[in-house]
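Down below is the structure, laid out as structure tokens.
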Amino acid sequence: MDDGYNREASRELTKLLPAILFLRPYLKQVAFAGVALVATAAITLSIGQGLRLVIDQGLSEESGALLERTIIIFALLVVCLTVGTMLRFYLVSWIGERVSADIRLAVFKHLIRLHPAFFEENRPTEIQSRITTDTTLLQTVIGSSASIALRNALMFIGGVVLLVLTNPKLTLVVLVSAPLVIAPILFLGRRVRRLSRSSQDRLADVGTHAGESLRHVKIVQSFNHEARDEFEFTDRVGAAFGVAVSRIRQRTFLIALVMLVVMAAIGVMLWIGGQDVIAGRTSAGELAAFIFYAFIVAGALGAISEVYSDLQRAAGATERLVELLGAADGLPEPAKPAELSKSGGLTLSVRDLSFAYPSRPEVLVLNGVSFQVRPGEMVALVGPSGAGKSTLFDLIQRFYDPSGGAISLNECGLRTLRRSDVRERIGFVPQDPVLFSGALRSNVLYGNPGATAEQLDNALRLAHAETFVHALPKGLETLVGEGGVGLSGGQKQRLAIARALLTDPALLLLDEATSALDAESEHAIRRSINEIKGRCSILVIAHRLSTVRQADRILVLDSGVLVAEGGHDALIRSNDLYARFSRLQLEGRTLPAA
Ligand SMILES: Nc1ncnc2c1ncn2[C@@H]1O[C@H](COP(=O)(O)OP(=O)(O)OP(=O)(O)O)[C@@H](O)[C@H]1O
Ligand SMILES: [Mg+2]
């Protein structure tokens with residue numbers, strides 16, 4: 001009947017094996033913990049024998065000396081048991097903490113290098129919860145449940161052996177009731193596990209929803225959306241609560257059932273054994289020892305049933321973590337990478353480039369794009385929103401591999417180069433710059449933490465960020481990002497330019513902010529570009545006439561196709577799309593609206 005369940009349950013638990021691999025560096029601690037575990041189990045079991053001696057010899061034969069000796073041995077055993085338990089508890093908890101910390105590290109180390117498309121298919125918030133909740137679960141299991149299970153398994157086996165040795169007839173009662181205890185554990189345990197997985201998913205939902213609303217609290221309040229948010233949140237919290245309650249109900253039932261069966265069995269034993277003692281077939285000490293072992297065996301079973309669902313939950317957690325650890329890198333590094341020169345100019349060549357996002361393979365976001373940017377050149381890329389400009393920047397930095405065509409730096413294809421080498425030579429200013437929580441200084445030093453104070457000042461000056469930075473009361477030590485002060489879009493963009501310049505790139509990819517910048521920021525960025533020009537090649541996605549006018553050449557991108565190339569004046573005359581675009585977009589952004 002339960003063959004299928006047994007097989008399924010053991011298959012579940014094998015999913016814990018990968019977590020066990022993380023124990024390998026700590027074999028010494030595991031060995032010591034194992035010795036402490038076996039020793040404490042053995043001592044606990046021997047107490048039953050002591051009990052028998054005390055009752056049968058010490059009390060019955062009224063030999064005071066013997067009683068005294070037995071008590072001394074008992075006291076020694078208790079001391080050993082205490083020390084062993086201390087050791088066991090410390091070591092096992094230590095191993096649990098260490099291993100879960102190692103798994104956390106391993107997962108993060110793997111994920112942080114993974115191709116960005118992975119995080120489009122897998123929500124980062126969900127991954128975050130896996131790194132925290134799933135590893136915490138493993139920590140509890142390795143640091144306590146597993147040791148409880150092992151200790152009690154030992155006590156169970158030892159207890160049964162001693163039961164048989166003490167009184168084979170009464171042992172029959174135990175053996176008959178054992179399946180009655182084990183069967184519901186297997187049945188209900190499986191259901192508990194399923195419910196707890198779903199309860200964890202529900203909880204992740206709650207976290208995601210709260211995080212999103214709180215992060216964008218201005219939008220929420222601006223649209224008077226608080227009540228509706230509250231309503232939706234109530235729903236999710238309710239769902240999580242509902243699943244949790246059904247889990248608790250199953251578990252309550254399980255615990256009650258196990259207790260009832262165990263107590264009934266002990267009652268029967270007392271009844272049968274008591275009659276044997278009265279009839280003189282067995283001694284009182286033997287019955288006492290037997291009851292002691294029966295309690296141990298029952299307690300062990302109960303403890304195992306308690307932690308069994310923990311073990312199963314941990315199996316699920318391990319499975320998810322192993323999934324993350326096993327996620328293949330979608331952008332494989334070359335076995336024998338070509339060498340990209342660490343200094344000097346860089347020629348960017350894009351040939352017949354086509355690309356579709358993995359999530360929308362049928363839409364070509366870029367289609368047959370070819371162009372070159374030579375060392376020291378400044379090229380502006382313009383085109384309507386959604387034309388594929390930012391996507392092109394992603395491809396140049398190899399965040400994705402193209403569907404067709406190729407990108408090369410100094411005639412080396414991107415796929416033949418180490419990703420880190422490519423990114424070392426390229427500076428990137430994103431469309432909406434991100435600042436990490438921390439000081440302004442660490443944000444600017446982000447790509448080059450070893451830069452000197454002089455290099456830092458120079459980068460800030462080139463980006464025309466020094467004036468506003470020094471006007472802040474705490475200057476470079478001002479805290480920004482989450483929990484820090486807010487900066488305007490233009491200020492953030494100038495900091496992002498400084499951050500990119502500090503890495504001394506050969507090619508600067510500048511994705512101009514689409515949002516209207518204040519006149520001062522716009523002016524600053526224009527002067528900044530003027531100063532950077534000639535120091536490195538610049539490929540700039542331009543939304544402003546002032547930027548376009550600074551460029552040596554303009555590329556016009558429309559729906560993923562490069563439709564024209566040339567200087568501003570020539571393009572105005574020769575290309576309708578550009579002329580219209582220039583009139584409506586570029587100039588509109590520079591001149592105040594009429
Ligand atoms: N991660 C993504 N997955 C799927 N499609 C995407 C993704 N990012 C962008 N797209 C789509 O690719 C197209 C090009 O987007 P892209 O961001 O490159 O436009 P853009 O030219 O930079 O526009 P803008 O001037 O508004 O910044 C758009 O249609 C967009 O919807
Ligand atoms: Mg863009």
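Each chain in the structure tokens gets a letter, A, B and so on, in the order shown; residues start at 1 in every chain, and ligands are counted from 1 in the order they appear.
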
Original post:
Any idea what's packed within 9 Å of Val350 of chain A, counting only C-alpha atoms, ignoring anything in its chain fewer than 4 positions away? Could you give it as number ranges by chain?
Top reply: A: 369-373, 396, 405-409

Same residues, N, CA and C atoms, output as a PDB file, in the first residue's frame:
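As a result, out03.pdb now contains:
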ATOM      1  N   VAL A 369      21.708  45.672 -38.936  1.00  0.00           N
ATOM      2  CA  VAL A 369      22.373  46.944 -38.638  1.00  0.00           C
ATOM      3  C   VAL A 369      23.890  46.810 -38.847  1.00  0.00           C
ATOM      4  N   SER A 370      24.476  47.720 -39.620  1.00  0.00           N
ATOM      5  CA  SER A 370      25.932  47.722 -39.826  1.00  0.00           C
ATOM      6  C   SER A 370      26.464  49.142 -39.682  1.00  0.00           C
ATOM      7  N   PHE A 371      27.537  49.304 -38.907  1.00  0.00           N
ATOM      8  CA  PHE A 371      28.215  50.602 -38.831  1.00  0.00           C
ATOM      9  C   PHE A 371      29.536  50.423 -38.111  1.00  0.00           C
ATOM     10  N   GLN A 372      30.336  51.477 -38.122  1.00  0.00           N
ATOM     11  CA  GLN A 372      31.612  51.437 -37.428  1.00  0.00           C
ATOM     12  C   GLN A 372      31.800  52.699 -36.609  1.00  0.00           C
ATOM     13  N   VAL A 373      32.485  52.577 -35.468  1.00  0.00           N
ATOM     14  CA  VAL A 373      32.915  53.764 -34.725  1.00  0.00           C
ATOM     15  C   VAL A 373      34.422  53.639 -34.573  1.00  0.00           C
ATOM     16  N   ILE A 396      26.298  45.520 -27.504  1.00  0.00           N
ATOM     17  CA  ILE A 396      27.718  45.897 -27.582  1.00  0.00           C
ATOM     18  C   ILE A 396      28.444  45.482 -26.309  1.00  0.00           C
ATOM     19  N   GLY A 405      24.503  38.133 -37.453  1.00  0.00           N
ATOM     20  CA  GLY A 405      25.520  39.163 -37.605  1.00  0.00           C
ATOM     21  C   GLY A 405      26.512  39.128 -36.465  1.00  0.00           C
ATOM     22  N   ALA A 406      27.362  40.148 -36.391  1.00  0.00           N
ATOM     23  CA  ALA A 406      28.419  40.117 -35.376  1.00  0.00           C
ATOM     24  C   ALA A 406      28.820  41.512 -34.954  1.00  0.00           C
ATOM     25  N   ILE A 407      29.357  41.593 -33.727  1.00  0.00           N
ATOM     26  CA  ILE A 407      29.932  42.835 -33.216  1.00  0.00           C
ATOM     27  C   ILE A 407      31.387  42.535 -32.921  1.00  0.00           C
ATOM     28  N   SER A 408      32.294  43.427 -33.326  1.00  0.00           N
ATOM     29  CA  SER A 408      33.692  43.170 -32.969  1.00  0.00           C
ATOM     30  C   SER A 408      34.364  44.440 -32.484  1.00  0.00           C
ATOM     31  N   LEU A 409      35.374  44.236 -31.648  1.00  0.00           N
ATOM     32  CA  LEU A 409      36.200  45.326 -31.143  1.00  0.00           C
ATOM     33  C   LEU A 409      37.603  45.075 -31.676  1.00  0.00           C
TER      34      LEU A 409
END

Near ligand 1, 9 Å: chain A residue rows, closest pairs, only C-alpha atoms and all ligand atoms, as a Markdown table:
| residue | atom | partner | partner_atom_place_in_ligand_line | distance |
| --- | --- | --- | --- | --- |
| A:Pro116 | CA | ligand 1 | 1 (N) | 8.9 |
| A:Ala117 | CA | ligand 1 | 1 (N) | 7.3 |
| A:Glu120 | CA | ligand 1 | 1 (N) | 6.7 |
| A:Ala356 | CA | ligand 1 | 5 (N) | 7.8 |
| A:Tyr357 | CA | ligand 1 | 4 (C) | 5.0 |
| A:Pro358 | CA | ligand 1 | 3 (N) | 7.1 |
| A:Ser359 | CA | ligand 1 | 4 (C) | 5.6 |
| A:Arg360 | CA | ligand 1 | 4 (C) | 5.9 |
| A:Pro361 | CA | ligand 1 | 4 (C) | 8.8 |
| A:Val363 | CA | ligand 1 | 12 (O) | 8.4 |
| A:Leu364 | CA | ligand 1 | 12 (O) | 8.4 |
| A:Val365 | CA | ligand 1 | 13 (C) | 5.3 |
| A:Leu366 | CA | ligand 1 | 14 (C) | 8.0 |
| A:Val382 | CA | ligand 1 | 25 (O) | 8.2 |
| A:Gly383 | CA | ligand 1 | 21 (O) | 6.6 |
| A:Pro384 | CA | ligand 1 | 25 (O) | 5.9 |
| A:Ser385 | CA | ligand 1 | 26 (O) | 3.6 |
| A:Gly386 | CA | ligand 1 | 19 (O) | 3.4 |
| A:Ala387 | CA | ligand 1 | 21 (O) | 3.9 |
| A:Gly388 | CA | ligand 1 | 18 (O) | 3.2 |
| A:Lys389 | CA | ligand 1 | 21 (O) | 3.7 |
| A:Ser390 | CA | ligand 1 | 22 (O) | 3.7 |
| A:Thr391 | CA | ligand 1 | 18 (O) | 3.7 |
| A:Leu392 | CA | ligand 1 | 18 (O) | 6.5 |
| A:Phe393 | CA | ligand 1 | 18 (O) | 8.1 |
| A:Asp394 | CA | ligand 1 | 18 (O) | 8.4 |
| A:Gln431 | CA | ligand 1 | 27 (O) | 7.1 |
| A:Asp511 | CA | ligand 1 | 27 (O) | 8.1 |
| A:Glu512 | CA | ligand 1 | 27 (O) | 8.7 |
| A:Ala513 | CA | ligand 1 | 27 (O) | 8.2 |
| A:Thr514 | CA | ligand 1 | 25 (O) | 6.8 |
| A:Ile541 | CA | ligand 1 | 25 (O) | 8.1 |
| A:Ala542 | CA | ligand 1 | 25 (O) | 8.8 |
| A:His543 | CA | ligand 1 | 25 (O) | 7.8 |
| A:Leu557 | CA | ligand 1 | 21 (O) | 8.0 |
| A:Asp558 | CA | ligand 1 | 21 (O) | 8.4 |
| A:Ser559 | CA | ligand 1 | 14 (C) | 7.9 |
| A:Gly560 | CA | ligand 1 | 14 (C) | 7.7 |

Original post:
Residues of segment 424-544 of chain A in alpha helix (DSSP H) according to DSSP, as a PyMOL selection string?
Top reply: chain A and resi 424-425+440-444+453-462+466-471+489-501+519-532

Output for the residues just chosen: N, CA and C atoms as a compact mmCIF listing (two decimals), in the first residue's frame:
# COMPACT_ATOMS: atom_id res chain seq x y z
N GLU A 424 35.73 46.11 -19.54
CA GLU A 424 36.77 46.95 -18.97
C GLU A 424 37.08 48.13 -19.89
N ARG A 425 36.96 47.91 -21.21
CA ARG A 425 37.32 48.96 -22.15
C ARG A 425 36.13 49.85 -22.51
N LEU A 440 27.94 58.88 -2.03
CA LEU A 440 28.17 59.32 -3.40
C LEU A 440 29.54 58.85 -3.89
N ARG A 441 30.51 58.96 -2.98
CA ARG A 441 31.88 58.60 -3.35
C ARG A 441 31.96 57.15 -3.86
N SER A 442 31.36 56.22 -3.10
CA SER A 442 31.47 54.82 -3.51
C SER A 442 30.72 54.59 -4.81
N ASN A 443 29.68 55.38 -5.07
CA ASN A 443 28.97 55.24 -6.33
C ASN A 443 29.81 55.68 -7.52
N VAL A 444 30.57 56.75 -7.34
CA VAL A 444 31.41 57.21 -8.45
C VAL A 444 32.62 56.29 -8.60
N ALA A 453 42.44 60.34 -5.45
CA ALA A 453 41.57 61.49 -5.22
C ALA A 453 41.61 62.42 -6.43
N GLU A 454 42.77 62.49 -7.05
CA GLU A 454 42.95 63.37 -8.20
C GLU A 454 42.11 62.86 -9.38
N GLN A 455 42.18 61.53 -9.62
CA GLN A 455 41.39 60.95 -10.72
C GLN A 455 39.90 61.16 -10.47
N LEU A 456 39.51 61.02 -9.20
CA LEU A 456 38.11 61.19 -8.84
C LEU A 456 37.66 62.62 -9.12
N ASP A 457 38.46 63.59 -8.66
CA ASP A 457 38.12 65.00 -8.91
C ASP A 457 38.05 65.28 -10.39
N ASN A 458 39.00 64.71 -11.12
CA ASN A 458 39.06 64.93 -12.56
C ASN A 458 37.80 64.41 -13.25
N ALA A 459 37.38 63.20 -12.85
CA ALA A 459 36.18 62.62 -13.46
C ALA A 459 34.96 63.47 -13.15
N LEU A 460 34.86 63.94 -11.89
CA LEU A 460 33.72 64.78 -11.51
C LEU A 460 33.73 66.08 -12.29
N ARG A 461 34.93 66.62 -12.49
CA ARG A 461 35.04 67.88 -13.22
C ARG A 461 34.62 67.68 -14.68
N LEU A 462 35.15 66.59 -15.29
CA LEU A 462 34.80 66.32 -16.69
C LEU A 462 33.30 66.13 -16.87
N GLU A 466 31.05 68.38 -10.26
CA GLU A 466 31.70 68.80 -9.02
C GLU A 466 30.93 69.92 -8.30
N THR A 467 30.36 70.85 -9.08
CA THR A 467 29.70 71.98 -8.43
C THR A 467 28.56 71.51 -7.53
N PHE A 468 27.68 70.70 -8.09
CA PHE A 468 26.52 70.31 -7.27
C PHE A 468 26.93 69.34 -6.17
N VAL A 469 27.94 68.50 -6.43
CA VAL A 469 28.39 67.56 -5.39
C VAL A 469 28.94 68.35 -4.21
N HIS A 470 29.77 69.35 -4.49
CA HIS A 470 30.37 70.10 -3.40
C HIS A 470 29.37 71.02 -2.71
N ALA A 471 28.25 71.31 -3.40
CA ALA A 471 27.22 72.14 -2.77
C ALA A 471 26.40 71.34 -1.75
N GLY A 489 17.24 63.94 -12.06
CA GLY A 489 17.64 63.08 -13.18
C GLY A 489 18.95 63.54 -13.79
N GLY A 490 19.09 64.87 -13.96
CA GLY A 490 20.30 65.40 -14.57
C GLY A 490 21.52 65.18 -13.69
N GLN A 491 21.34 65.32 -12.38
CA GLN A 491 22.46 65.11 -11.45
C GLN A 491 22.89 63.65 -11.48
N LYS A 492 21.91 62.77 -11.49
CA LYS A 492 22.23 61.34 -11.52
C LYS A 492 22.99 61.01 -12.80
N GLN A 493 22.53 61.59 -13.91
CA GLN A 493 23.18 61.29 -15.17
C GLN A 493 24.64 61.79 -15.17
N ARG A 494 24.86 62.96 -14.56
CA ARG A 494 26.23 63.48 -14.53
C ARG A 494 27.11 62.61 -13.63
N LEU A 495 26.53 62.11 -12.52
CA LEU A 495 27.31 61.19 -11.68
C LEU A 495 27.63 59.91 -12.44
N ALA A 496 26.64 59.46 -13.24
CA ALA A 496 26.85 58.24 -14.01
C ALA A 496 27.95 58.46 -15.05
N ILE A 497 28.02 59.67 -15.60
CA ILE A 497 29.09 59.98 -16.56
C ILE A 497 30.44 59.96 -15.84
N ALA A 498 30.49 60.56 -14.66
CA ALA A 498 31.73 60.56 -13.90
C ALA A 498 32.15 59.13 -13.56
N ARG A 499 31.19 58.32 -13.18
CA ARG A 499 31.46 56.92 -12.83
C ARG A 499 32.06 56.18 -14.03
N ALA A 500 31.48 56.43 -15.23
CA ALA A 500 31.98 55.77 -16.43
C ALA A 500 33.36 56.29 -16.80
N LEU A 501 33.57 57.59 -16.67
CA LEU A 501 34.87 58.17 -17.07
C LEU A 501 35.99 57.69 -16.17
N ALA A 519 17.80 73.19 -17.78
CA ALA A 519 18.74 73.86 -18.69
C ALA A 519 20.17 73.72 -18.19
N GLU A 520 20.35 73.80 -16.86
CA GLU A 520 21.69 73.75 -16.32
C GLU A 520 22.32 72.38 -16.55
N SER A 521 21.55 71.30 -16.26
CA SER A 521 22.07 69.95 -16.47
C SER A 521 22.39 69.73 -17.94
N GLU A 522 21.49 70.18 -18.79
CA GLU A 522 21.69 69.97 -20.21
C GLU A 522 22.96 70.67 -20.68
N HIS A 523 23.13 71.88 -20.21
CA HIS A 523 24.30 72.66 -20.54
C HIS A 523 25.56 71.94 -20.04
N ALA A 524 25.47 71.45 -18.79
CA ALA A 524 26.63 70.78 -18.19
C ALA A 524 26.99 69.54 -18.99
N ILE A 525 25.98 68.77 -19.37
CA ILE A 525 26.27 67.54 -20.09
C ILE A 525 26.87 67.85 -21.46
N ARG A 526 26.37 68.92 -22.09
CA ARG A 526 26.91 69.29 -23.39
C ARG A 526 28.39 69.66 -23.26
N ARG A 527 28.70 70.48 -22.25
CA ARG A 527 30.10 70.88 -22.07
C ARG A 527 30.95 69.67 -21.72
N SER A 528 30.36 68.78 -20.94
CA SER A 528 31.07 67.58 -20.55
C SER A 528 31.43 66.74 -21.78
N ILE A 529 30.46 66.55 -22.65
CA ILE A 529 30.72 65.76 -23.87
C ILE A 529 31.83 66.42 -24.68
N ASN A 530 31.76 67.73 -24.74
CA ASN A 530 32.79 68.47 -25.47
C ASN A 530 34.18 68.16 -24.95
N GLU A 531 34.29 68.04 -23.63
CA GLU A 531 35.61 67.79 -23.04
C GLU A 531 36.05 66.34 -23.20
N ILE A 532 35.05 65.43 -23.18
CA ILE A 532 35.42 64.01 -23.33
C ILE A 532 35.81 63.71 -24.77

**OP:** Return the single residue from A:Leu445, A:Pro433, A:Ser582, A:Leu154 that is closest to ligand 2, with distances computed using only C-alpha atoms and all ligand atoms.
**Re:** A:Pro433

**OP:** Using only C-alpha atoms, determine which residues lie at most 9 Å from Val556 of chain A, disregarding the query and same-chain residues fewer than 6 positions distant; provide the list as a list in words.
**Re:** Ala380, Leu381, Val382, Gly383, Leu562, Val563, Ala564, Glu565, Gly566, Leu577 and Tyr578 of chain A

Output the selection as a tab-separated table (two decimals), in the first residue's frame - N, CA and C atoms for each residue.
chain	number	residue	atom	x	y	z
A	380	ALA	N	26.48	59.86	-33.06
A	380	ALA	CA	25.18	59.97	-32.39
A	380	ALA	C	24.21	58.99	-33.01
A	381	LEU	N	23.42	58.36	-32.15
A	381	LEU	CA	22.41	57.42	-32.61
A	381	LEU	C	21.06	58.02	-32.27
A	382	VAL	N	20.23	58.26	-33.30
A	382	VAL	CA	18.92	58.83	-33.01
A	382	VAL	C	17.85	57.93	-33.60
A	383	GLY	N	16.65	58.12	-33.13
A	383	GLY	CA	15.54	57.33	-33.64
A	383	GLY	C	14.39	57.37	-32.66
A	562	LEU	N	18.76	50.51	-39.72
A	562	LEU	CA	19.54	51.73	-39.87
A	562	LEU	C	19.13	52.36	-41.19
A	563	VAL	N	18.41	53.51	-41.12
A	563	VAL	CA	17.83	54.03	-42.37
A	563	VAL	C	18.68	55.14	-42.98
A	564	ALA	N	19.55	55.78	-42.23
A	564	ALA	CA	20.36	56.84	-42.82
A	564	ALA	C	21.58	57.09	-41.95
A	565	GLU	N	22.59	57.71	-42.56
A	565	GLU	CA	23.83	57.99	-41.86
A	565	GLU	C	24.43	59.25	-42.47
A	566	GLY	N	24.95	60.15	-41.66
A	566	GLY	CA	25.57	61.35	-42.22
A	566	GLY	C	25.62	62.48	-41.21
A	577	LEU	N	12.51	61.21	-42.65
A	577	LEU	CA	12.29	60.79	-41.26
A	577	LEU	C	13.14	61.63	-40.32
A	578	TYR	N	14.41	61.83	-40.71
A	578	TYR	CA	15.30	62.60	-39.85
A	578	TYR	C	14.83	64.04	-39.73

**OP:** Kindly indicate which residue among A:Ala579, A:Ile71, A:Leu510, A:Val262 lies nearest to ligand 2, using only C-alpha atoms and all ligand atoms for the distances.
**Re:**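 Going through A:Ala579, A:Ile71, A:Leu510, A:Val262 one by one, the smallest distance to ligand 2 is for A:Leu510.
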
**OP:** Have a look at A:Gly481, A:Gly427, A:Gly48, A:Gly404 and name the one nearest to Leu507 of chain A; count only C-alpha atoms.
**Re:**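 Answer, going by the shortest atom-to-atom distance: A:Gly427.
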
Subject >> Polymer residues at most 9 Å from Leu188 of chain A, only C-alpha atoms, same-chain spacing of 2 or more positions, as a list of chain:residue names >> reply: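 Neighbouring residues, sequence-local ones excluded: A:Ala183, A:Pro184, A:Ile185, A:Leu186, A:Arg190, A:Arg191, A:Val192, A:Arg193, A:Gln250, A:Arg251, A:Phe253, A:Leu254.
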
Subject >> Residues within 12 Å of Thr166 of chain A, only C-alpha atoms, excluding chain neighbours under 4 positions, as a ChimeraX atom specification >> reply: /A:48-49,52,159-162,170-171,273,282-294

Original post:
By how many Å are atom CA of Ser488 of chain A and atom CA of Gly211 of chain A apart?
Top reply: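 Atom CA of Gly211 of chain A lies at a distance of 23.2 Å from atom CA of Ser488 of chain A.
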
Original post:
Smallest atom-to-atom distance to ligand 2: which of A:Pro430, A:Pro332, A:Gly238, A:Pro337, using only C-alpha atoms and all ligand atoms?
Top reply: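 Looking only at the distances to ligand 2, the closest residue turns out to be A:Pro430.
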
Original post:
When distances are computed from only C-alpha atoms, which of A:Arg415, A:Asn167, A:Asp552, A:Lys533 shows the smallest separation from Asp276 of chain A?
Top reply: A:Asn167

**OP:** Find the distance between atom CA of Val307 of chain A and atom CA of Ala146 of chain A and write it in Å to one decimal.
**Re:** 7.8 Å

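Computed from the coordinates, the atom CA of Cys80 of chain A to atom CA of Gly34 of chain A distance equals 15.3 Å.
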
Original post:
For ligand 2, which residue among A:Ile112, A:Ile157, A:Val540, A:Leu348 is the nearest when counting only C-alpha atoms and all ligand atoms?
Top reply: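 Smallest separation from ligand 2 among the options: A:Val540.
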